[in-house]
Amino acid sequence: MKELVEKLNTKYALQDIIYQRDNMVFATISKELVIEAITYMRDYEGFAHFVMMSCADWIEDNKFQLTYILNNPQQRCDVALRVMIERENPTMTSAHHLWKQVWTYQREIREAFGIQFPGSPRVEENFVLEGWTDKPHMLRDFDTHEYAEKTYFPRGGRTTNDPATYMREKLYPNQPVTAKKNKNVE
Amino acid sequence: MLNNFFGFKPDRSKYPSVNEDGSLNIDLSSHQYTKLWLGPNHPGVTGNMAMELTLNGDEIVEGKTHVGYLHRGFEKLIERRLFVQGFPTSIRMCVAEPDTNEYLIAACTEELSGYDKQIPDMAKWLRMLSLEMARLQGLLRGVPGQAGTYSLGIGVQWGVYLRDLILDRFEELTGARVYHMYIIPGGVRGLLPEGFKARMEDNLKDIDDFIVRIKKLMFDNAIFKKRSIGQGIVTKEMVDKYGVVGTTARASGVKRDVRKDNPYLFYDQLDFDPPTAEEGDIYARTFVRWQELIQTVDLIRQIMAKMPEKGDIRAQMPNVLNWRIPKGETYVRIESGRGEYGMYYVTDGSDKPRRVNLRGPSYTHGVALLEDLLVNTNIADIHALMVSLQTCPPEIER
Amino acid sequence: MNIKDIFTPFTAWSGVLKDPVTIKNPIGREAAPRYRGFHDNDINVCIGCGTCEAICENQAIDLVPVDGIDTKSGDSGLRPKIDYGRCCWCALCVDICTTDSLRLTNEYTWVDTDADNFRFIPGVDPKDWYEKEDGWRKPVPNYNFYGKERVHMGELHADERSDSFIEFVKGYSKEQAQQEADRCVSCGICTATCPAHMGIPEYIKAVRNDDMEEGMRVLYETNPLPEICGRICTHKCEDVCSVGHTGDALSIRWLKRYIADQIPADTDKYKDILGTGDLAKNGKKIAIIGSGPSGLSAAHYLALLGYSCTIFEKLPKAGGMMRYGIPEYRLPYDQIDKDVDYIAALGVEFKYNVNIGTDITLEQLEKDYDAVFSGTGLHLGRSTRIPGSDNENVYQSVDLLRDIVLEKPVPVKERVVVIGGGNVAMDITRSMARLQMQQFGKVNVITTSLEDEEHMPADREEIVEAREEGCSIIPGYGPQEIIIEDGKVKGLKVWKCLSIFDEKGMFNPKFDQAEERVFEGDMVIESIGQGMDLSYLTEEIKSKIEFNNRGRIVVDADFQAKGLPWLFVGGDIIEGPDVIHGIANGHRAAMGIDKFLNQGR
Amino acid sequence: MNIYVKIAYTFLGLMIVLNWGMLMRVTFRKIGARMAGRHGVPFRQPWIDLIKNIAVRTTLTHGVMFYLGPVFRFSGAVGLFLFMPILFGKEAWMNFSFEGDLVLILYFQLFGMLGMALGAGEGGQPHSAIGISRGLAQHAAVELPMTMGIIALAIQYQTLSISEIVAAQQGGFLHWSFFTNPVASAAIMLSALGAFGYSPFNLVKAPNEIPIGPPTEYHGTYLGVLMTSGNILGVMETILFMNLVFGGATNWFELIIKSFLIYFYAVFVGMVFPRFRIEQSVAWFFKIPLLLGFIAILMYSF
Amino acid sequence: MSELNINSKVQEMLERSEQNAKNSEKTFVRPEDEVREVVAPDGSIIKINPLYDYFSGERPKEEKPKNAIVEKFLNWARSESIWVLGFGTGCGSIEIPPLVTPRYDMFRFGVQMRPTPRQSNAFIISGYLSVKTLKRVIRSYEQMPSPKYVIALGSCTINGGMYYDSYSTINRLDKYIPVDVYIAGCMPRPEALLAGFGKLKELIKEGKAEKANEYARNFDEYKANQKKIIKDWNMPDYNW
């Protein structure tokens with residue numbers, strides 16, 4: 001595992017290498033090298049099984065993190081390569097030619113995060129949504145609760161009380177107190 | 001022989017022709033092809049899924065899957081929930097075998113927060129028990145269900161009855177029939193009730209009997225063989241190419257089982273050998289699953305024999321309302337009844353996850369692989385093909 | 001295909017004669033004993049803490065007021081109302097319920113034509129499944145959603161501490177504090193019970209987040225004496241803590257102390273954190289009599305509002321009862337100084353050794369200042385008035401404690417008997433024990449109280465610690481006579497106490513004369529309560545203001561004395577004796593003064 | 001016999017056949033349920049379903065042929081009944097059977113299917129279209145060997161009248177065509193499996209591929225008519241095979257037993273076998289029963 | 001050849017939909033479903049709107065019960081023969097297999113599954129409905145012949161349930177189609193489902209299950225709600 005990571009490191013300049021488990025490593029790689037790296041790993045290092053491809057939205061850094069997880073079924077180890085791409089007009093090279101199922105992931109990520117994968121088959125088609133007009137639904141700044149409240153007629157007539165506030169209003173309405181609402185779930 | 005004589009196999013080299021970009025040249029207005037939608041309101045489609053088929057007679061020349069009818073946005077919802085709140089939510093991602101989801105979210109949070117070493121042994125055994133029971137109930141539906149797709153309904157009736165018995169045991173153990181919410185981050189939510197093992201053993205005996213009966217009904221059935229042998233072949237080469245996992249891969253001669261390859265819980269203490277086959281067709285897949293059924297019954301017996309009588313069921317964890325997990329990411333996989341089932345989990349140091357992404361076997365089986373296998377099959381075989389690939393739409397779209 | 005394959009399937013027909021396995025009457029079939037069905041709530045046990053609402057991932061639970069359940073200390077009067085249009089029967093609400101009142105029964109059939117009906121208050125709205133015994137309850141032990149056990153606070157061992165007045169409670173380390181703070185479920189039930197209504201969940205959250213400056217800001221919103229309060233507060237909040245219903249209550253007091261301890265004793269730093277660097281003065285002057293908790297609190301909040309305050313203190317140092325009534329091993333003097341110094345740094349003027357009435361009269365203060373706040377406290381000991389209590393070897397605990405602080409010679413005898421079961425009794429017991437240890441090398445203090453062990457007003461840990469230090473605490477006896485031989489105290493005769501209050505709730509102890517004991521001792525210390533010294537009030541003033549039947553000055557909600565608008569009274573002489581009440585009174589009196597002085601504008 | 005009395009008897013016979021058909025079907029549903037280990041529908045269910053279907057308020061049509069589909073099928077069933085001798089030797093129950101009715105019967109068997117094809121086609125539902133094309137294909141494959149077998153019987157008995165074929169079989173069960181002409185009987189009975197529409201030859205109505213095929217769009221009264229004609233057809237098919245192969249019936253009791261057993265034969269096979277794909281079933285019919293039919297004809301031709 | 005005769009109502013809707021298509025910013029009509037002009041065999045040019053040509057253009061009609069005594073008998077028959085549409089819309093559909101298999105055997109109670117909406121008269125909404133499914137559900141519901149009944153399973157149909165904050169699932173079913181019986185649970189057990197059928201039978205026998213007429217009566221209101229969330233209305237308004 002260590003040797004492999006070192007080999008990859010010299011070849012593709014990995015960063016932030018984290019050994020999550022004995023047989024699983026996470027590392028960041030540059031956007032330009034990742035397709036080359038996974039092709040190399042598939043063809044020469046035995047990482048034949050494409051586990052998954054995922055995206056996370058780091059809105060505070062203004063980045064998307066794309067993660068490619070590859071598995072080597074013989075050596076039973078995984079390598080996950082992270083790619084940080086800009087959040088503005090995100091585009092990524094498609095990897096659909098490497099594994100047959102990759103286009104599905106890319107199609108979903110395009111719909112959920114708005115990342116473009118030029119050349120990926122059927123990538124423009126909707127995956128799970130139909131007639132969606134709002135911003136891509138997995139973005140951090142898309143508030144699903146607000147959207148649902150606005151759109152789907154939640155059944156009215158519900159009121160709740162915060163115990164601390166309620167007790168203050170009942171027991172000592174006029175006294176100087178801290179009046180912060182402290183709830184774990186909004 | 002006669003089939004070929006009557007010329008039922010169309011010559012696909014002549015039509016439809018392939019365009020330069022790889023798409024098929026299908027002109028619907030030529031009336032050579034028919035467009036047919038199968039689903040979502042369709043009893044033959046597993047779950048709630050649609051297929052847009054282009055037909056030439058009874059044969060499919062192009063099939064497109066349409067998912068999203070069961071999309072609930074779990075991954076978004078879990079981002080809004082505390083770590084412990086995520087677990088009742090997550091299990092609904094796949095209704096056929098919910099326990100795997102529970103285990104995954106528990107395992108991910110435990111691993112990232114560093115509590116994975118503190119899970120009590122008793123809890124681990126109980127987790128294994130519930131996972132194997134989940135596999136068993138899934139197979140009890142799935143194995144005869146394959147014959148059900150060819151309208152051999154009795155097997156399904158027997159199977160679902162026995163599955164109900166297992167669900168009764170689940171109810172006793174976990175407090176719910178289908179959505180058990182048993183494997184909680186840190187442990188499990190209850191010990192075995194009194195007399196559980198005896199009742200379970202009774203049910204396992206019934207299942208033993210069922211295994212024999214279903215063998216005679218399905219696998220020694222001339223027409224079942226005729227329909228399933230040679231259909232929907234997944235070759236050895238396709239396994240890696242399409243990301244095929246689990247019993248589907250094992251039926252194609254690729255022995256992959258997470259329980260053996262990356263043992264989790266106490267699977268390394270159990271004695272089992274995942275069954276395989278070489279053919280890769282529907283019959284082989286079903287037959288492998290049938291052997292898996294035998295093996296699962298045996299595993300449950302082993303677990304019940306080996307598990308301790310008493311023990312802690314949950315590690316001492318932080319207050320669930322205030323639980324924060326440091327920044328990190330991980331991917332945890334387990335072997336569900338359908339194959340490798342994984343979860344990619346990213347935390348950012350807050351009390352809620354940053355990103356949760358499920359990798360279910362259906363995601364690859366049910367979209368990319370299914371679409372390619374559909375080509376040149378008969379409409380009558382779609383349902384069988386979907387069931388044999390264990391397509392579970394809620395897990396594709398989540 | 002072989003011929004066998006055509007005939008084998010027909011074996012399936014063998015099942016046709018078997019009896020069906022169908023459940024005969026499935027509707028309403030009993031579910032498993034552990035089944036998670038519909039909710040039930042024991043509303044008399046429930047305190048409406050809202051943890052169930054907080055953990056519900058579906059926002060299915062509302063807290064609503066219920067007829068017949070009053071809001072009172074430790075009970076919000078709210079009860080969970082569950083929306084079955086949201087619930088997913090995960091039972092997390094049951095698992096986290098702080099009082100174990102919520103449970104799920106194994107009933108599961110509810111069919112209705114109107115969707116609006118699927119909302120009910122378990123335990124209140126009549127439903128036919130409440131009598132079902134089976135259902136989901138919190139799983140067996142070792143299954144907790146929050147820590148049930150309090151994080152142990154480090155202490156000096158009894159051997160180390162029993163002969164010195166150094167502080168023996170070590171205080172939490174960061175890990176301990178965070179672990180303890182982690183147990184908090186942030187319900188906020190405690191804030192109503194706290195006289196000062198401190199933002200307890202907020203500052204505990206600050207501990208969890210390791211944000212001491214934020215914690216400090218929360219503390220100072222309602223309490224300007226966190227160091228002091230963090231040590232000696234009577235922590236009424238902990239009595240009602242929801243976590244304490246099925247486990248140990250949260251150490252709210254120690255967490256407060258932890259926050260205050262993390263900030264170094266540097267007034268500039270304090271000002272920096274609290275944002276009180278430059279306070280605009282509004283030119284009005286307030287006189288404050290007494291530098292106890294209420295006086296300091298009033299001074300602090302008045303100073304924040306821009307008033308110039310002057311504190312008149314009879315004794316040489318500020319702190320009042322906190323300094324002169326509480327032994328140093330519980331509240332070190334430098335911690336008092338830390339809080340007092342910050343208040344002084346806000347521009348509050350301290351005038352020590354000034355005796356109102358003799359050095360300066362109240363009328364004079366009225367002329368020189370815009371308003372006067374009096375928080376003079378309870379500095380007179382109360383006597384049992386039993387035979388022999390007028391002996392010279394019978395002392396008042398208040399006097400002895402004050403003398404210890406003033407480093408006056410304190411009479412210490414080899415055998416000491418203390419009457420009283422409150423915290424002050426414990427203070428004097430343990431102080432005497434220390435002095436005995438220093439002087440004689442052994443401890444012989446007997447403390448007795450009317451109340452039995454369970455009802456002793458003193459804090460549990462005080463009793464336990466006193467015993468560790470070698471004191472004998474013998475509760476449940478009523479003093480009858482101090483036995484005097486040759487003018488010297490020989491001991492205390494006591495009878496077993498059967499009950500303290502009569503049916504009407506009046507103080508009327510009943511004794512069992514048969515069980516008589518004599519606690520031998522060379523001196524007796526009475527510690528059964530304190531009285532107030534209002535000698536500084538002139539007759540003229542006394543005639544203008546009103547007193548209630550307990551001899552206390554009648555004040556309105558703003559602590560404005562009835563009849564004298566310029567005089568505000570607070571602290572132990574109004575409510576007490578209790579430091580946190582004093583602080584609360586001071587705060588509210590400050591607000592009242594502000595209101596009074598700003599009424600014209 | 002007076003023609004009015006005859007009509008009255010025919011009408012009564014139709015009612016008996018219809019109710020017997022419903023009872024028989026529900027019995028087989030219950031037997032199937034028993035095999036799975038459950039109780040199944042109550043015996044009254046078919047009648048309630050029929051009333052329910054008539055009680056459906058919405059009836060919408062896609063055109064004239066959509067109307068006529070069920071009507072054709074019903075007339076096919078009634079036609080089958082009209083020209084079929086039901087009880088041998090009882091003039092009242094011979095219906096309108098005549099010389100050469102065998103040919104008419106074969107025609108009426110196809111008549112309903114053709115009607116359905118027209119109606120289902122007009123329904124516009126692609127599943128119906130697929131179903132009906134499968135149905136026609138399979139029906140053709142079934143008819144061929146069956147006709148072969150029947151022709152063999154006709155050659156054997158030298159008649160095209162069912163009554164005469166039945167008459168020739170009287171006098172003990174050894175006189176049944178089943179024993180006198182086993183090859184032709186085998187051809188007929190194997191193709192009968194297809195005529196009954198049970199598994200393995202129920203692809204026409206495959207509910208989990210093409211939601212029940214031709215009748216997909218039919219609802220309410222249309223469906224009631226289809227159900228009625230289906231039940232009549234079911235019984236009439238058994239009576240046809242009974243008359244051809246098993247010596248007919250001389251009283252109602254015999255008819256009930258025989259038709260039940262003949263129907264049971266289809267269920268017995270269907271319950272334990274999955275269904276063939278359409279080309280597989282066509283091939284099957286062309287392979288085994290057709291071959292037997294040929295042999296049967298050849299045997300009696302020389 | 002005479003002019004192709006188009007129903008005036010259809011004509012009206014056709015024009016309106018064209019107008020709508022022009023006005024709305026984003027339309028979701030597939031290219032093959034767009035309104036287009038074709039040359040008829042006789043050379044005349046006709047305009048076709050595939051979305052409207054597939055279906056007839058009629059609103060659902062309110063169909064009043066008949067004579068009281070007859071209706072009572074018919075209601076009895078309806079209640080004893082409930083045909084359920086086999087459309088698994090959510091998690092609750094996992095509890096349907098146990099119902100049709102030996103353990104619970106709902107056939108005993110006259111409840112059967114039908115594969116096509118045309119022949120069904122009961123619709124089990126088995127839990128949450130994503131907007132994408134809702135569209136198909138409405139379509140299926142409208143295809144079902146009257147009288148028809150809707151059984152809603154679980155929290156999700158009452159007030160959103162566990163997915164109350166999801167962007168994809170609706171919160172209250174009764175805004176979109178009328179519901180006869182609700183069954184609490186997530187998901188309801190088969191036993192509860194049978195109890196729900198029992199309740200539905202009662203309602204039918206009492207003649208209270210006339211929600212299909214309610215749908216016809218308040219058709220515009222229901223349609224407005226449906227249109228609010230289904231943006232891609234790639235099927236006609238009135239497909240009766």
# chains A, B, ... in the order shown; residues from 1 in each chain; ligands from 1
call {"tool": "closest_atom_pairs", "arguments": {"of": "chain E", "to": "chain C", "cutoff": "10 Å", "atoms": "only C-alpha atoms", "output": "Markdown table"}}
result
| residue | atom | partner | partner_atom | distance |
| --- | --- | --- | --- | --- |
| E:Thr101 | CA | C:Thr22 | CA | 8.5 |
| E:Pro102 | CA | C:Thr22 | CA | 5.1 |
| E:Arg103 | CA | C:Thr22 | CA | 4.4 |
| E:Tyr104 | CA | C:Thr22 | CA | 5.8 |
| E:Asp105 | CA | C:Thr22 | CA | 6.6 |
| E:Met106 | CA | C:Thr22 | CA | 9.9 |
| E:Ile151 | CA | C:Thr113 | CA | 9.4 |
| E:Ala152 | CA | C:Ala115 | CA | 9.7 |
| E:Leu153 | CA | C:Val111 | CA | 9.6 |
| E:Gly154 | CA | C:Gly85 | CA | 7.4 |
| E:Ser155 | CA | C:Gly85 | CA | 4.0 |
| E:Cys156 | CA | C:Gly85 | CA | 6.3 |
| E:Thr157 | CA | C:Gly85 | CA | 7.2 |
| E:Ile158 | CA | C:Gly85 | CA | 4.6 |
| E:Asn159 | CA | C:Gly85 | CA | 4.3 |
| E:Gly160 | CA | C:Arg86 | CA | 6.1 |
| E:Gly161 | CA | C:Arg86 | CA | 3.5 |
| E:Met162 | CA | C:Asn58 | CA | 5.2 |
| E:Tyr163 | CA | C:Asn58 | CA | 7.5 |
| E:Tyr164 | CA | C:Asn58 | CA | 7.0 |
| E:Asp165 | CA | C:Asn58 | CA | 8.5 |
| E:Asn171 | CA | C:Gly85 | CA | 9.0 |
| E:Arg172 | CA | C:Gly85 | CA | 8.9 |
| E:Leu173 | CA | C:Ala115 | CA | 9.6 |
| E:Asp174 | CA | C:Ala115 | CA | 8.4 |
| E:Val179 | CA | C:Thr113 | CA | 7.7 |
| E:Asp180 | CA | C:Thr113 | CA | 5.8 |
| E:Val181 | CA | C:Thr113 | CA | 4.6 |
| E:Tyr182 | CA | C:Asp112 | CA | 5.3 |
| E:Ile183 | CA | C:Val111 | CA | 4.6 |
| E:Ala184 | CA | C:Trp110 | CA | 5.5 |
| E:Gly185 | CA | C:Tyr108 | CA | 7.2 |
| E:Cys186 | CA | C:Cys88 | CA | 5.2 |
| E:Met187 | CA | C:Cys88 | CA | 7.9 |
| E:Pro188 | CA | C:Tyr108 | CA | 7.6 |
| E:Arg189 | CA | C:Tyr108 | CA | 7.6 |
| E:Pro190 | CA | C:Pro26 | CA | 8.4 |
| E:Glu191 | CA | C:Ile27 | CA | 5.0 |
| E:Ala192 | CA | C:Thr109 | CA | 4.9 |
| E:Leu193 | CA | C:Thr109 | CA | 8.4 |
| E:Leu194 | CA | C:Ile27 | CA | 6.4 |
| E:Ala195 | CA | C:Ile27 | CA | 5.7 |
| E:Gly196 | CA | C:Val111 | CA | 5.7 |
| E:Phe197 | CA | C:Val111 | CA | 9.3 |
| E:Gly198 | CA | C:Ile27 | CA | 9.0 |
| E:Lys199 | CA | C:Val111 | CA | 7.2 |
| E:Leu200 | CA | C:Thr113 | CA | 9.0 |
| E:Leu203 | CA | C:Thr113 | CA | 9.3 |
call {"tool": "interface_residues", "arguments": {"of": "chain C", "to": "chain A", "cutoff": "8 Å", "atoms": "only C-alpha atoms", "output": "VMD selection string"}}
result
chain C and resid 48 to 50 54 to 55 62 to 64 71 to 72 76 78 186 to 192 196 to 199 201 to 202 218 221 to 222 587 to 588 591
call {"tool": "closest_atom_pairs", "arguments": {"of": "chain C", "to": "chain D", "cutoff": "12 Å", "atoms": "only C-alpha atoms", "output": "Markdown table"}}
result
| residue | atom | partner | partner_atom | distance |
| --- | --- | --- | --- | --- |
| C:Asp5 | CA | D:Phe273 | CA | 10.5 |
| C:Ile6 | CA | D:Phe273 | CA | 8.9 |
| C:Phe7 | CA | D:Val272 | CA | 9.8 |
| C:Thr8 | CA | D:Val272 | CA | 9.4 |
| C:Pro9 | CA | D:Val272 | CA | 5.7 |
| C:Phe10 | CA | D:Val272 | CA | 6.1 |
| C:Thr11 | CA | D:Val272 | CA | 8.7 |
| C:Ala12 | CA | D:Val272 | CA | 6.9 |
| C:Trp13 | CA | D:Met35 | CA | 6.5 |
| C:Ser14 | CA | D:Met35 | CA | 8.0 |
| C:Gly15 | CA | D:Met35 | CA | 5.4 |
| C:Val16 | CA | D:Met35 | CA | 4.1 |
| C:Leu17 | CA | D:Arg34 | CA | 7.2 |
| C:Lys18 | CA | D:Gly37 | CA | 7.2 |
| C:Asp19 | CA | D:Gly37 | CA | 6.8 |
| C:Pro20 | CA | D:Gly37 | CA | 4.3 |
| C:Val21 | CA | D:Gly37 | CA | 5.7 |
| C:Thr22 | CA | D:Arg38 | CA | 5.6 |
| C:Ile23 | CA | D:Arg38 | CA | 9.2 |
| C:Lys24 | CA | D:His39 | CA | 9.9 |
call {"tool": "write_last_selection", "arguments": {"atoms": "N, CA, C and O atoms", "output": "CSV table (one decimal), in the first residue's frame"}}
result
chain,number,residue,atom,x,y,z
C,5,ASP,N,-36.8,-33.2,-15.4
C,5,ASP,CA,-37.2,-31.8,-15.2
C,5,ASP,C,-38.7,-31.5,-15.5
C,5,ASP,O,-39.2,-30.5,-15.1
C,6,ILE,N,-39.3,-32.4,-16.3
C,6,ILE,CA,-40.7,-32.2,-16.6
C,6,ILE,C,-41.6,-32.7,-15.4
C,6,ILE,O,-42.6,-32.1,-15.1
C,7,PHE,N,-41.1,-33.7,-14.7
C,7,PHE,CA,-42.0,-34.3,-13.7
C,7,PHE,C,-41.7,-33.8,-12.3
C,7,PHE,O,-42.6,-33.7,-11.4
C,8,THR,N,-40.4,-33.4,-12.0
C,8,THR,CA,-40.1,-33.0,-10.6
C,8,THR,C,-41.0,-31.8,-10.2
C,8,THR,O,-41.5,-31.8,-9.0
C,9,PRO,N,-41.3,-30.8,-11.0
C,9,PRO,CA,-42.1,-29.7,-10.4
C,9,PRO,C,-43.4,-30.1,-9.9
C,9,PRO,O,-44.0,-29.4,-9.0
C,10,PHE,N,-43.9,-31.2,-10.4
C,10,PHE,CA,-45.3,-31.6,-9.9
C,10,PHE,C,-45.3,-32.0,-8.4
C,10,PHE,O,-46.3,-32.1,-7.8
C,11,THR,N,-44.1,-32.2,-7.9
C,11,THR,CA,-44.1,-32.5,-6.4
C,11,THR,C,-44.7,-31.3,-5.6
C,11,THR,O,-45.1,-31.5,-4.5
C,12,ALA,N,-44.7,-30.1,-6.2
C,12,ALA,CA,-45.3,-29.0,-5.5
C,12,ALA,C,-46.7,-29.2,-5.1
C,12,ALA,O,-47.2,-28.6,-4.2
C,13,TRP,N,-47.4,-30.1,-5.9
C,13,TRP,CA,-48.8,-30.4,-5.6
C,13,TRP,C,-49.0,-31.1,-4.3
C,13,TRP,O,-50.1,-31.1,-3.8
C,14,SER,N,-47.9,-31.6,-3.7
C,14,SER,CA,-48.1,-32.3,-2.5
C,14,SER,C,-48.6,-31.4,-1.4
C,14,SER,O,-49.1,-31.9,-0.4
C,15,GLY,N,-48.4,-30.1,-1.5
C,15,GLY,CA,-48.8,-29.2,-0.5
C,15,GLY,C,-50.2,-28.9,-0.5
C,15,GLY,O,-50.7,-28.2,0.4
C,16,VAL,N,-51.0,-29.3,-1.5
C,16,VAL,CA,-52.3,-28.8,-1.7
C,16,VAL,C,-53.3,-29.3,-0.5
C,16,VAL,O,-54.2,-28.6,-0.2
C,17,LEU,N,-52.9,-30.3,0.1
C,17,LEU,CA,-53.9,-30.8,1.2
C,17,LEU,C,-53.5,-30.3,2.5
C,17,LEU,O,-54.2,-30.5,3.5
C,18,LYS,N,-52.4,-29.6,2.6
C,18,LYS,CA,-52.0,-29.1,4.0
C,18,LYS,C,-52.9,-27.9,4.4
C,18,LYS,O,-53.5,-27.2,3.5
C,19,ASP,N,-53.0,-27.8,5.7
C,19,ASP,CA,-53.8,-26.7,6.1
C,19,ASP,C,-53.2,-25.3,5.8
C,19,ASP,O,-52.0,-25.2,5.9
C,20,PRO,N,-54.0,-24.3,5.5
C,20,PRO,CA,-53.4,-23.0,5.2
C,20,PRO,C,-52.7,-22.5,6.4
C,20,PRO,O,-53.1,-22.8,7.6
C,21,VAL,N,-51.7,-21.7,6.2
C,21,VAL,CA,-50.9,-21.1,7.3
C,21,VAL,C,-51.4,-19.7,7.6
C,21,VAL,O,-50.7,-19.0,8.4
C,22,THR,N,-52.5,-19.3,7.0
C,22,THR,CA,-52.9,-17.9,7.2
C,22,THR,C,-53.3,-17.6,8.6
C,22,THR,O,-53.9,-18.5,9.3
C,23,ILE,N,-53.0,-16.4,9.0
C,23,ILE,CA,-53.5,-16.0,10.4
C,23,ILE,C,-55.0,-15.8,10.3
C,23,ILE,O,-55.5,-15.1,9.4
C,24,LYS,N,-55.7,-16.4,11.2
C,24,LYS,CA,-57.1,-16.4,11.1
C,24,LYS,C,-57.7,-15.0,11.2
C,24,LYS,O,-58.5,-14.6,10.4
call {"tool": "closest_atom_pairs", "arguments": {"of": "chain E", "to": "chain D", "cutoff": "10 Å", "atoms": "only C-alpha atoms", "output": "CSV"}}
result
residue,atom,partner,partner_atom,distance
E:Tyr54,CA,D:Gly124,CA,8.6
E:Phe55,CA,D:His62,CA,9.4
E:Ser56,CA,D:His62,CA,8.8
E:Pro60,CA,D:Thr58,CA,9.4
E:Lys61,CA,D:Thr58,CA,8.8
E:Glu62,CA,D:Thr58,CA,9.8
E:Glu63,CA,D:Arg57,CA,7.0
E:Lys64,CA,D:Arg57,CA,8.9
E:Pro65,CA,D:Arg57,CA,8.7
E:Lys66,CA,D:Arg57,CA,9.8
E:Val70,CA,D:Ala55,CA,9.8
E:Glu71,CA,D:Ala55,CA,8.7
E:Phe73,CA,D:Ile51,CA,9.3
E:Leu74,CA,D:Ala55,CA,6.0
E:Asn75,CA,D:Lys52,CA,8.2
E:Trp76,CA,D:Lys52,CA,8.7
E:Ala77,CA,D:Lys52,CA,5.4
E:Arg78,CA,D:Lys52,CA,5.1
E:Ser79,CA,D:Lys52,CA,8.6
E:Glu80,CA,D:Ile48,CA,6.9
E:Ser81,CA,D:Asp49,CA,5.7
E:Ile82,CA,D:Asp49,CA,8.6
E:Trp83,CA,D:Asp49,CA,9.1
E:Gly86,CA,D:Pro211,CA,9.9
E:Val100,CA,D:Gly40,CA,9.2
E:Thr101,CA,D:Arg38,CA,7.1
E:Pro102,CA,D:Arg38,CA,4.4
E:Arg103,CA,D:Arg38,CA,7.4
E:Tyr104,CA,D:Arg38,CA,8.4
E:Asp105,CA,D:Arg38,CA,6.4
E:Met106,CA,D:Gly40,CA,8.0
E:Phe107,CA,D:Val41,CA,4.8
E:Arg108,CA,D:Val41,CA,4.8
E:Phe109,CA,D:Val41,CA,7.3
E:Gly110,CA,D:Val41,CA,6.3
E:Val111,CA,D:Val41,CA,8.5
E:Gln112,CA,D:Val41,CA,8.8
E:Arg114,CA,D:Pro207,CA,8.5
E:Pro115,CA,D:Pro211,CA,5.3
E:Thr116,CA,D:Pro211,CA,6.1
E:Pro117,CA,D:Glu217,CA,8.4
E:Arg118,CA,D:His219,CA,5.5
E:Gln119,CA,D:His219,CA,5.0
E:Ser120,CA,D:His219,CA,8.3
E:Asn121,CA,D:Val56,CA,8.8
E:Gln143,CA,D:Glu217,CA,9.6
E:Met144,CA,D:Thr58,CA,8.6
E:Pro145,CA,D:Thr58,CA,5.0
E:Ser146,CA,D:Thr58,CA,5.2
E:Pro147,CA,D:Arg57,CA,6.4
E:Lys148,CA,D:Val56,CA,9.0
E:Trp240,CA,D:Leu60,CA,8.1
call {"tool": "closest_residue", "arguments": {"among": "D:Ser199, D:Gly248, D:Gly63, D:Gly172", "to": "chain B", "atoms": "only C-alpha atoms"}}
result
D:Ser199
call {"tool": "closest_atom_pairs", "arguments": {"of": "chain B", "to": "chain A", "cutoff": "7 Å", "atoms": "only C-alpha atoms", "output": "CSV"}}
result
residue,atom,partner,partner_atom,distance
B:Val67,CA,A:Val128,CA,5.7
B:Gly68,CA,A:Val128,CA,3.7
B:His71,CA,A:Val128,CA,6.4
B:Lys76,CA,A:Met138,CA,6.2
B:Asp240,CA,A:His49,CA,5.3
B:Lys241,CA,A:Trp99,CA,5.3
B:Tyr242,CA,A:Lys100,CA,5.1
B:Gly243,CA,A:His49,CA,5.9
B:Asp261,CA,A:Arg76,CA,6.5
B:Leu321,CA,A:Asn184,CA,6.8
B:Thr330,CA,A:Gln20,CA,6.7
B:Arg355,CA,A:Ala56,CA,5.9
B:Asn357,CA,A:Ser54,CA,6.9
B:Arg359,CA,A:Met52,CA,6.5
B:Thr364,CA,A:Gln101,CA,5.8
B:Ala368,CA,A:Gln101,CA,5.3
B:Glu397,CA,A:Val128,CA,6.2
